[in-house]
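Below is target-v4.txt, which holds compact mmCIF, C-alpha atoms.
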```txt
# COMPACT_ATOMS: atom_id res chain seq x y z
CA MET J 29 206.76 159.67 -5.48
CA SER J 30 206.94 156.67 -3.14
CA ASP J 31 206.48 156.05 0.55
CA HIS J 32 206.53 153.35 3.18
CA ALA J 33 203.60 151.63 4.82
CA ILE J 34 202.98 148.52 6.85
CA LEU J 35 200.10 146.27 5.84
CA GLU J 36 198.77 144.17 8.67
CA VAL J 37 197.12 141.35 6.81
CA HIS J 38 194.72 138.76 8.21
CA ARG J 39 196.15 135.30 7.71
CA TYR J 40 194.13 132.13 8.09
CA LEU J 41 195.64 128.87 6.89
CA PRO J 42 193.27 126.18 8.18
CA ASP J 43 195.39 123.28 6.91
CA GLU J 44 198.52 124.51 8.67
CA GLU J 45 197.52 126.64 11.65
CA ALA J 46 194.69 126.34 14.15
CA GLU J 47 194.06 130.04 14.69
CA PRO J 48 194.01 133.10 12.48
CA ARG J 49 196.70 135.75 12.96
CA PHE J 50 197.89 139.04 11.52
CA GLN J 51 201.06 139.27 9.50
CA SER J 52 202.85 142.57 8.91
CA TYR J 53 204.35 143.37 5.54
CA GLU J 54 206.45 146.48 5.10
CA ILE J 55 206.08 147.90 1.62
CA THR J 56 207.31 150.82 -0.43
CA TYR J 57 204.35 152.11 -2.36
CA LYS J 58 203.87 154.52 -5.21
CA ASP J 59 201.46 157.43 -4.98
CA GLN J 60 198.95 155.82 -7.33
CA TRP J 61 198.84 152.48 -5.49
CA VAL J 62 195.60 151.15 -4.13
CA VAL J 63 195.45 148.51 -1.37
CA LEU J 64 194.99 145.80 -4.02
CA ASP J 65 198.25 146.88 -5.72
CA ALA J 66 200.01 146.48 -2.36
CA LEU J 67 198.51 142.99 -1.90
CA ASN J 68 199.57 141.97 -5.40
CA HIS J 69 203.04 143.35 -4.69
CA ILE J 70 203.22 141.30 -1.47
CA LYS J 71 202.08 138.14 -3.28
CA ALA J 72 204.54 138.64 -6.15
CA GLU J 73 207.57 139.86 -4.23
CA ILE J 74 207.30 138.96 -0.54
CA ASP J 75 204.93 136.11 0.26
CA PRO J 76 203.35 133.96 -2.47
CA THR J 77 201.23 132.09 0.09
CA LEU J 78 198.89 135.06 0.62
CA SER J 79 195.40 134.45 -0.80
CA PHE J 80 192.83 137.04 -1.86
CA ARG J 81 190.24 137.54 -4.60
CA TRP J 82 190.47 140.14 -7.31
CA SER J 83 189.79 140.48 -10.99
CA CYS J 84 189.11 143.70 -12.88
CA ARG J 85 191.00 146.31 -10.82
CA MET J 86 188.51 148.97 -11.86
CA GLY J 87 185.58 148.78 -9.47
CA ILE J 88 183.32 146.73 -11.73
CA CYS J 89 183.71 143.04 -10.93
CA GLY J 90 183.08 143.36 -7.18
CA SER J 91 185.62 140.65 -6.25
CA CYS J 92 188.15 142.56 -4.14
CA GLY J 93 185.95 143.69 -1.24
CA MET J 94 187.83 143.56 2.08
CA MET J 95 187.88 145.35 5.40
CA VAL J 96 190.44 148.14 5.26
CA ASN J 97 191.06 149.62 8.70
CA GLY J 98 187.72 148.17 9.77
CA GLU J 99 185.66 149.55 6.86
CA PRO J 100 184.28 147.46 4.00
CA LYS J 101 186.03 148.70 0.85
CA LEU J 102 186.73 147.72 -2.72
CA THR J 103 190.51 147.46 -2.40
CA CYS J 104 190.97 148.36 -6.08
CA GLU J 105 189.74 151.87 -5.43
CA THR J 106 191.11 152.42 -1.93
CA PHE J 107 194.28 154.49 -2.23
CA ILE J 108 197.03 153.92 0.34
CA ARG J 109 197.94 157.60 0.20
CA ASP J 110 194.51 158.50 1.65
CA TYR J 111 195.37 156.85 4.98
CA ASP J 112 197.11 159.01 7.57
CA THR J 113 198.36 156.01 9.53
CA ASP J 114 201.52 154.12 8.54
CA THR J 115 199.79 150.84 9.32
CA ILE J 116 196.82 149.65 7.28
CA LYS J 117 194.88 146.67 8.53
CA VAL J 118 193.42 144.40 5.85
CA GLU J 119 190.88 141.75 6.83
CA PRO J 120 188.32 139.59 5.03
CA LEU J 121 184.79 141.03 4.77
CA THR J 122 183.07 140.66 8.12
CA HIS J 123 179.93 138.51 8.64
CA PHE J 124 181.07 135.89 6.12
CA PRO J 125 182.93 132.65 6.92
CA VAL J 126 186.61 132.83 5.96
CA VAL J 127 187.97 130.10 3.70
CA ARG J 128 191.60 131.28 3.78
CA ASP J 129 193.46 134.55 4.52
CA LEU J 130 191.28 137.24 2.89
CA VAL J 131 188.98 134.90 0.98
CA ILE J 132 185.42 134.56 2.20
CA ASN J 133 182.76 131.97 1.46
CA MET J 134 180.09 133.78 -0.57
CA GLU J 135 177.78 130.79 -1.02
CA ASP J 136 175.06 132.24 1.22
CA PHE J 137 174.98 135.46 -0.81
CA MET J 138 174.90 133.54 -4.09
CA GLU J 139 171.87 131.60 -2.87
CA LYS J 140 170.06 134.74 -1.71
CA LEU J 141 170.46 136.74 -4.90
CA PRO J 142 168.25 134.54 -7.14
CA SER J 143 165.75 134.01 -4.31
CA VAL J 144 164.08 137.38 -5.08
CA SER J 145 163.43 136.42 -8.75
CA PRO J 146 165.73 139.13 -10.13
CA TRP J 147 164.53 138.97 -13.70
CA LEU J 148 161.68 140.50 -15.67
CA ILE J 149 158.35 138.86 -15.00
CA PRO J 150 156.07 140.46 -17.61
CA ALA J 151 152.30 140.49 -17.17
CA GLU J 152 152.06 138.42 -20.33
CA ASP J 153 154.73 137.08 -22.62
CA LYS J 154 154.79 138.70 -26.03
CA PRO J 155 155.59 136.65 -29.10
CA LEU J 156 159.13 137.32 -30.31
CA GLU J 157 157.92 138.97 -33.54
CA ASP J 158 156.20 141.70 -31.51
CA GLY J 159 159.64 143.09 -30.74
CA GLU J 160 161.29 144.36 -27.59
CA TYR J 161 159.69 145.67 -24.42
CA ARG J 162 160.27 149.40 -24.81
CA GLN J 163 160.93 151.98 -22.13
CA THR J 164 161.27 155.73 -22.00
CA PRO J 165 164.37 157.27 -20.37
CA ALA J 166 162.12 158.37 -17.49
CA GLN J 167 160.96 154.79 -16.92
CA VAL J 168 164.60 153.69 -16.84
CA ALA J 169 165.43 156.45 -14.37
CA HIS J 170 162.92 155.03 -11.88
CA TYR J 171 164.98 151.90 -11.24
CA GLN J 172 168.41 152.71 -12.64
CA ARG J 173 170.04 153.52 -9.32
CA PHE J 174 169.09 150.11 -7.94
CA SER J 175 170.44 148.35 -11.02
CA MET J 176 174.02 149.48 -10.49
CA CYS J 177 174.88 146.73 -7.97
CA ILE J 178 178.10 144.82 -8.69
CA ASN J 179 177.50 142.13 -6.02
CA CYS J 180 180.58 143.10 -4.04
CA MET J 181 178.90 142.25 -0.72
CA LEU J 182 180.23 145.34 1.08
CA CYS J 183 176.65 146.07 2.14
CA TYR J 184 176.31 142.65 3.82
CA SER J 185 179.57 143.29 5.62
CA ALA J 186 178.33 146.67 6.86
CA CYS J 187 174.94 145.34 7.99
CA PRO J 188 174.85 144.35 11.68
CA VAL J 189 171.45 142.71 11.14
CA TYR J 190 173.05 140.24 8.72
CA GLY J 191 175.99 139.89 11.13
CA LEU J 192 173.64 138.91 13.94
CA ASP J 193 171.30 136.77 11.84
CA SER J 194 172.61 135.42 8.57
CA THR J 195 169.13 134.24 7.53
CA PHE J 196 168.35 137.91 6.65
CA THR J 197 167.92 138.15 2.88
CA GLY J 198 170.12 141.21 3.01
CA PRO J 199 170.59 144.60 1.37
CA ALA J 200 171.81 143.75 -2.15
CA ALA J 201 169.24 141.02 -2.82
CA LEU J 202 166.33 143.15 -1.56
CA ALA J 203 167.53 146.19 -3.52
CA LEU J 204 167.57 143.96 -6.58
CA ALA J 205 163.96 142.94 -5.89
CA GLN J 206 163.00 146.62 -5.80
CA ARG J 207 164.99 147.24 -8.99
CA TYR J 208 162.67 144.81 -10.81
CA ASN J 209 159.52 145.92 -8.97
CA LEU J 210 160.15 149.45 -10.24
CA ASP J 211 160.72 148.34 -13.83
CA SER J 212 157.82 149.33 -16.11
CA ARG J 213 158.24 146.05 -18.06
CA ASP J 214 157.85 143.96 -14.91
CA ASP J 215 154.75 142.64 -13.19
CA GLY J 216 156.45 140.38 -10.65
CA HIS J 217 155.67 142.47 -7.56
CA GLY J 218 153.24 139.83 -6.31
CA ASP J 219 155.49 136.91 -7.27
CA ARG J 220 158.31 138.37 -5.16
CA ALA J 221 156.05 139.03 -2.15
CA ASP J 222 156.63 135.68 -0.40
CA VAL J 223 160.40 136.07 -0.26
CA VAL J 224 160.53 139.85 0.17
CA THR J 225 157.93 140.05 2.95
CA ALA J 226 159.04 136.89 4.77
CA HIS J 227 160.37 137.27 8.30
CA GLU J 228 163.91 137.08 6.90
CA GLY J 229 163.05 139.72 4.30
CA ILE J 230 162.33 143.45 4.55
CA TRP J 231 160.89 143.35 8.05
CA GLU J 232 164.16 142.18 9.52
CA CYS J 233 165.83 145.41 8.35
CA THR J 234 165.99 147.94 11.17
CA TYR J 235 167.35 150.70 8.92
CA VAL J 236 170.84 151.05 10.26
CA GLY J 237 171.61 152.57 6.87
CA GLU J 238 175.28 151.57 6.67
CA CYS J 239 174.68 149.45 3.54
CA THR J 240 174.00 152.65 1.63
CA GLU J 241 176.99 154.42 3.15
CA VAL J 242 179.49 151.77 2.06
CA CYS J 243 178.03 151.02 -1.39
CA PRO J 244 180.72 151.87 -3.97
CA LYS J 245 178.08 152.28 -6.69
CA GLY J 246 175.59 154.52 -4.89
CA VAL J 247 172.83 151.91 -5.01
CA ASP J 248 171.11 152.87 -1.71
CA PRO J 249 169.88 149.44 -0.58
CA ALA J 250 168.57 150.97 2.67
CA GLY J 251 166.29 153.26 0.67
CA ALA J 252 165.17 150.37 -1.56
CA ILE J 253 164.20 148.27 1.47
CA GLN J 254 162.20 151.13 3.03
CA MET J 255 160.39 151.63 -0.31
CA LEU J 256 159.62 147.89 -0.36
CA LYS J 257 158.22 148.10 3.18
CA LEU J 258 155.85 150.89 2.18
CA SER J 259 154.84 149.25 -1.07
CA TYR J 260 154.05 145.82 0.46
CA ALA J 261 152.40 147.41 3.52
CA LEU J 262 150.08 149.30 1.13
CA ASP J 263 149.35 145.99 -0.64
CA TRP J 264 148.39 144.49 2.70
CA ALA J 265 146.16 147.48 3.53
CA LYS J 266 144.53 147.25 0.09
CA SER J 267 143.90 143.54 0.60
CA LEU J 268 142.00 144.41 3.79
CA VAL J 269 139.85 147.00 2.02
CA MET J 270 139.47 145.03 -1.19
CA PRO J 271 139.79 141.32 -0.29
CA ARG J 272 139.04 140.28 -3.86
CA GLY J 273 142.11 142.14 -5.07
CA GLY J 274 142.56 145.62 -6.43
CA ARG J 275 146.13 145.41 -7.63
CA LYS J 276 146.82 145.98 -11.27
CA MET F 6 187.28 120.01 3.23
CA SER F 7 189.05 122.72 5.19
CA ARG F 8 187.61 124.31 8.27
CA GLU F 9 186.05 127.69 7.72
CA LEU F 10 186.59 130.51 10.18
CA THR F 11 183.40 132.03 11.58
CA ARG F 12 183.56 135.37 13.37
CA PRO F 13 180.45 136.03 15.47
CA LEU F 14 179.56 139.67 16.03
CA PRO F 15 180.60 140.77 19.54
CA ARG F 16 177.90 142.14 21.84
CA THR F 17 179.63 145.51 21.69
CA TRP F 18 179.34 145.78 17.89
CA TRP F 19 177.36 149.00 18.19
CA LEU F 20 180.29 150.74 19.89
CA LYS F 21 182.55 150.15 16.92
CA LYS F 22 181.22 152.92 14.70
CA THR F 23 179.53 156.23 15.46
CA SER F 24 176.86 155.42 12.86
CA TYR F 25 176.02 152.18 14.71
CA LEU F 26 175.90 154.10 17.99
CA ARG F 27 173.58 156.72 16.44
CA PHE F 28 171.35 153.85 15.28
CA MET F 29 171.18 152.39 18.80
CA ILE F 30 170.36 155.80 20.27
CA ARG F 31 167.60 156.21 17.67
CA GLU F 32 166.17 152.82 18.60
CA LEU F 33 166.34 153.63 22.32
CA THR F 34 164.54 156.96 21.83
CA SER F 35 161.44 154.92 20.99
CA LEU F 36 161.49 153.74 24.62
CA ALA F 37 161.27 157.37 25.73
CA VAL F 38 158.35 157.93 23.34
CA PHE F 39 156.68 154.77 24.71
CA ALA F 40 157.27 155.89 28.32
CA TYR F 41 155.71 159.27 27.55
CA ALA F 42 152.70 157.59 25.97
CA LEU F 43 152.28 155.62 29.21
CA LEU F 44 152.49 158.88 31.19
CA LEU F 45 149.71 160.38 29.06
CA ILE F 46 147.55 157.29 29.64
CA VAL F 47 148.12 157.63 33.41
CA ALA F 48 147.24 161.33 33.12
CA LEU F 49 143.97 160.51 31.38
CA TRP F 50 143.24 157.76 33.89
CA SER F 51 143.82 159.97 36.91
CA ALA F 52 141.87 162.86 35.37
CA GLY F 53 138.69 160.97 36.31
CA GLY F 54 139.11 161.31 40.06
CA ASP F 55 139.84 164.62 41.68
CA PRO F 56 142.18 163.54 44.55
CA SER F 57 144.33 161.30 42.39
CA PHE F 58 144.62 164.01 39.73
CA SER F 59 145.91 166.62 42.16
CA THR F 60 148.56 164.15 43.40
CA PHE F 61 149.53 163.45 39.81
CA TYR F 62 149.49 167.19 39.00
CA ASP F 63 151.86 167.85 41.93
CA PHE F 64 154.17 165.14 40.65
CA LEU F 65 154.18 166.69 37.15
CA ASN F 66 155.23 170.02 38.64
CA SER F 67 158.11 168.55 40.64
CA PRO F 68 161.69 169.35 39.49
CA VAL F 69 162.33 165.66 38.84
CA SER F 70 159.33 165.46 36.51
CA VAL F 71 160.22 168.71 34.70
CA SER F 72 163.82 167.49 34.18
CA LEU F 73 162.52 164.15 32.86
CA HIS F 74 160.21 166.01 30.48
CA VAL F 75 163.13 168.01 29.09
CA VAL F 76 165.13 164.79 28.52
CA VAL F 77 162.16 163.03 26.91
CA LEU F 78 161.48 166.08 24.72
CA GLY F 79 165.08 166.00 23.49
CA LEU F 80 164.88 162.27 22.73
CA ALA F 81 161.48 162.64 21.06
CA LEU F 82 162.79 165.46 18.86
CA TYR F 83 165.78 163.31 17.84
CA HIS F 84 163.35 160.44 17.11
CA THR F 85 161.20 162.78 15.01
CA GLY F 86 164.25 164.08 13.16
CA THR F 87 165.23 160.56 12.13
CA TRP F 88 161.71 159.94 10.76
CA ILE F 89 161.79 163.20 8.80
CA ALA F 90 165.18 162.23 7.39
CA LEU F 91 163.77 158.83 6.41
CA THR F 92 160.73 160.22 4.55
CA PRO F 93 162.50 160.96 1.23
CA LYS F 94 163.97 157.45 1.25
CA VAL F 95 160.49 155.90 1.40
CA MET F 96 158.65 158.48 -0.70
CA VAL F 97 160.55 158.83 -3.93
CA LEU F 98 158.39 161.19 -5.99
CA TRP F 99 158.66 161.96 -9.68
CA ARG F 100 157.45 165.11 -11.39
CA ASP F 101 157.31 164.35 -15.09
CA ASP F 102 160.78 162.95 -15.79
CA GLU F 103 162.50 164.59 -12.83
CA GLN F 104 162.86 163.12 -9.36
CA VAL F 105 161.69 165.54 -6.69
CA ASP F 106 164.69 166.68 -4.63
CA PRO F 107 164.83 164.52 -1.44
CA ASP F 108 165.63 167.67 0.57
CA VAL F 109 162.34 169.20 -0.60
CA ILE F 110 160.40 166.14 0.60
CA ALA F 111 162.20 166.17 3.97
CA GLY F 112 161.69 169.96 4.20
CA VAL F 113 157.96 169.74 3.48
CA THR F 114 157.65 166.92 6.05
CA ALA F 115 159.46 169.07 8.62
CA ILE F 116 157.17 172.03 7.90
CA LEU F 117 154.07 169.81 8.20
CA PHE F 118 155.42 168.47 11.50
CA LEU F 119 155.94 172.02 12.81
CA LEU F 120 152.46 173.11 11.64
CA VAL F 121 150.73 170.12 13.28
CA THR F 122 152.77 170.53 16.47
CA GLY F 123 151.95 174.25 16.52
CA GLY F 124 148.26 173.43 15.98
CA VAL F 125 148.22 170.94 18.85
CA LEU F 126 150.02 173.43 21.12
CA TRP F 127 147.56 176.16 20.15
CA LEU F 128 144.60 173.87 20.87
CA THR F 129 145.93 172.73 24.24
CA LEU F 130 147.45 175.96 25.54
CA ALA F 131 144.95 178.52 24.17
```
As a first step, turn the structure in this file into structure tokens.
Amino acid sequence: MSDHAILEVHRYLPDEEAEPRFQSYEITYKDQWVVLDALNHIKAEIDPTLSFRWSCRMGICGSCGMMVNGEPKLTCETFIRDYDTDTIKVEPLTHFPVVRDLVINMEDFMEKLPSVSPWLIPAEDKPLEDGEYRQTPAQVAHYQRFSMCINCMLCYSACPVYGLDSTFTGPAALALAQRYNLDSRDDGHGDRADVVTAHEGIWECTYVGECTEVCPKGVDPAGAIQMLKLSYALDWAKSLVMPRGGRK
Amino acid sequence: MSRELTRPLPRTWWLKKTSYLRFMIRELTSLAVFAYALLLIVALWSAGGDPSFSTFYDFLNSPVSVSLHVVVLGLALYHTGTWIALTPKVMVLWRDDEQVDPDVIAGVTAILFLLVTGGVLWLTLA
């Protein structure tokens, strides 16, 4: 089965044109086509100058995030057949600078991710011969949801706080901090405090909640940030009661 | 190096999505809660002197005041609802290896809210 659709694609060619514009491409699509298939079809058959990022085509690599009819989506899992309208608008992810057409500059995000020390910080390093740090399935379950992030940046694009103030550490990076804070092998809660509780950290989040809504992997960054707020607020309260420290 | 295109968020960003609009309404409900807190402070303040209290009491009984109370009650209930909905996000509880159903946590919070509200009403109206 095949059908017709018009893709209105955001074009930005800074070396050739001063302003961005939309270009319409009429396509005949097959029932199983996703928006990314349509873009690849346009690039191969209609207009080779169109630029966009993609890689795995199976919702794992997180490269093909774009705005589809105003919503942040992974275009590799957004089926054209699911749209009632004949015209589908494709734009680069909002809140990020655009390098060209549908390609955004992700440098800011790439700097923020490692800022929360997203690695295991054990209480004390074991010698290698002592073997691995073991966990029960229940201990894994505590953080697993927050470990499913594929760094697609849809959450940053959905977050008006980040849109208004790009210094905000942002949903994915903070969810990653909570992922490690909840890990039974980790003791880096205190080490992450400076970045997580900074003005640009958790307290800038006003819980709009859209990051969780758009996450293609069900990570729930909004929930993670609210858990972080409670956890670090309790730390602060404990430090008032026990100034010499009562944390594990 | 090529110029990059920046797209600042328009002031009307919160009108673009119903979820953003719901968020703005939730934030604005806190103003209603704040205004009602002020009203209670004024009530306590004027309770000290008899003439000022009767003037204040007359104002509370006016149709304008009763209508405002109904609006503020609606906004406060919406505000409360959003907090109850948030509770299971913040309090993720585990029972042995099983996560406690978020709906149970929200439900228990709602019941506690109703019990406390009922208690306060009973204390003040009895």
Using only C-alpha atoms, which residues of chain F come within 12 Å of chain J, and what is the closest atom pair for each, with the distance in Å to one decimal? Give it as CSV, sorted by chain and residue number.
```
residue,atom,partner,partner_atom,distance
F:Met6,CA,J:Asp43,CA,9.5
F:Ser7,CA,J:Pro42,CA,6.2
F:Arg8,CA,J:Pro42,CA,6.0
F:Glu9,CA,J:Val127,CA,5.1
F:Leu10,CA,J:Val126,CA,4.8
F:Thr11,CA,J:Pro125,CA,4.7
F:Arg12,CA,J:His123,CA,6.7
F:Pro13,CA,J:His123,CA,7.3
F:Leu14,CA,J:Gly191,CA,6.1
F:Pro15,CA,J:Leu192,CA,9.1
F:Arg16,CA,J:Leu192,CA,9.5
F:Thr17,CA,J:Pro188,CA,11.2
F:Trp18,CA,J:Pro188,CA,7.8
F:Trp19,CA,J:Pro188,CA,8.4
F:Leu20,CA,J:Pro188,CA,11.7
F:Lys21,CA,J:Gly98,CA,9.0
F:Lys22,CA,J:Gly98,CA,9.4
F:Thr23,CA,J:Glu238,CA,10.8
F:Ser24,CA,J:Glu238,CA,7.5
F:Tyr25,CA,J:Val236,CA,6.9
F:Leu26,CA,J:Val236,CA,9.7
F:Arg27,CA,J:Val236,CA,8.8
F:Phe28,CA,J:Val236,CA,5.8
F:Met29,CA,J:Val236,CA,8.7
F:Ile30,CA,J:Val236,CA,11.1
F:Arg31,CA,J:Val236,CA,9.6
F:Glu32,CA,J:Thr234,CA,8.9
F:Thr87,CA,J:Tyr235,CA,10.6
F:Trp88,CA,J:Tyr235,CA,11.0
F:Ala90,CA,J:Gly251,CA,11.3
F:Leu91,CA,J:Gly251,CA,8.4
F:Thr92,CA,J:Gln254,CA,9.3
F:Pro93,CA,J:Gly251,CA,8.6
F:Lys94,CA,J:Gly251,CA,4.8
F:Val95,CA,J:Met255,CA,4.6
F:Met96,CA,J:Met255,CA,7.1
F:Val97,CA,J:Met255,CA,8.1
F:Leu98,CA,J:His170,CA,9.7
F:Trp99,CA,J:His170,CA,8.4
F:Arg100,CA,J:Ala166,CA,10.2
F:Asp101,CA,J:Ala166,CA,8.0
F:Asp102,CA,J:Ala166,CA,5.1
F:Glu103,CA,J:Ala166,CA,7.8
F:Gln104,CA,J:His170,CA,8.5
F:Val105,CA,J:His170,CA,11.8
F:Pro107,CA,J:Gly251,CA,11.5
```
**Study point:** Straight-line distance linking CA of Thr115 (chain J) with CA of Ile55 (chain J), stated in Å to one decimal
**Key:** 10.4 Å
Exercise for review: Within 8 Å of region 200-213 of chain J, counting all atoms listed in the file, which residues show up once you throw out same-chain ones fewer than 3 positions away? Write them as a PyMOL selection string, please.
Suggested key: chain J and resi 140-150+161-163+167-168+170-172+174-175+177+179+181+183-184+197+216-217+220+224+229-230+247-250+252-253+255-256
**Study point:** Selected residue of minimal separation from Ile110 (chain F) among F:Ala42, F:Gly124, F:Gly79, F:Ile89, counting all atoms listed in the file
**Key:** F:Ile89
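Between CA of Ala261 (chain J) and CA of Glu228 (chain J) the interatomic distance comes to 15.8 Å.
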Practice item. Mind giving me the straight-line distance from CA of Pro76 (chain J) to CA of Arg39 (chain J) in Å, one decimal? Key: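 Straight-line distance from CA of Pro76 (chain J) to CA of Arg39 (chain J) works out to 12.5 Å.
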Where is the centre and how long are the edges: axis-aligned box on region 26-43 of chain F, 3 Å on each side, Å to one decimal, as lines of an AutoDock Vina configuration file:
```
center_x = 164.1
center_y = 155.8
center_z = 22.2
size_x = 29.6
size_y = 12.9
size_z = 19.9
```
Which residues are near Ile116 (chain J)? Cut-off 7 Å, only C-alpha atoms, ignore same chain within fewer than 3 positions. Put them as a compact mmCIF listing (two decimals) with C-alpha atoms, keeping the file's coordinate frame.
```txt
# COMPACT_ATOMS: atom_id res chain seq x y z
CA ILE J 34 202.98 148.52 6.85
CA LEU J 35 200.10 146.27 5.84
CA GLU J 36 198.77 144.17 8.67
CA VAL J 96 190.44 148.14 5.26
CA ASN J 97 191.06 149.62 8.70
CA THR J 113 198.36 156.01 9.53
```
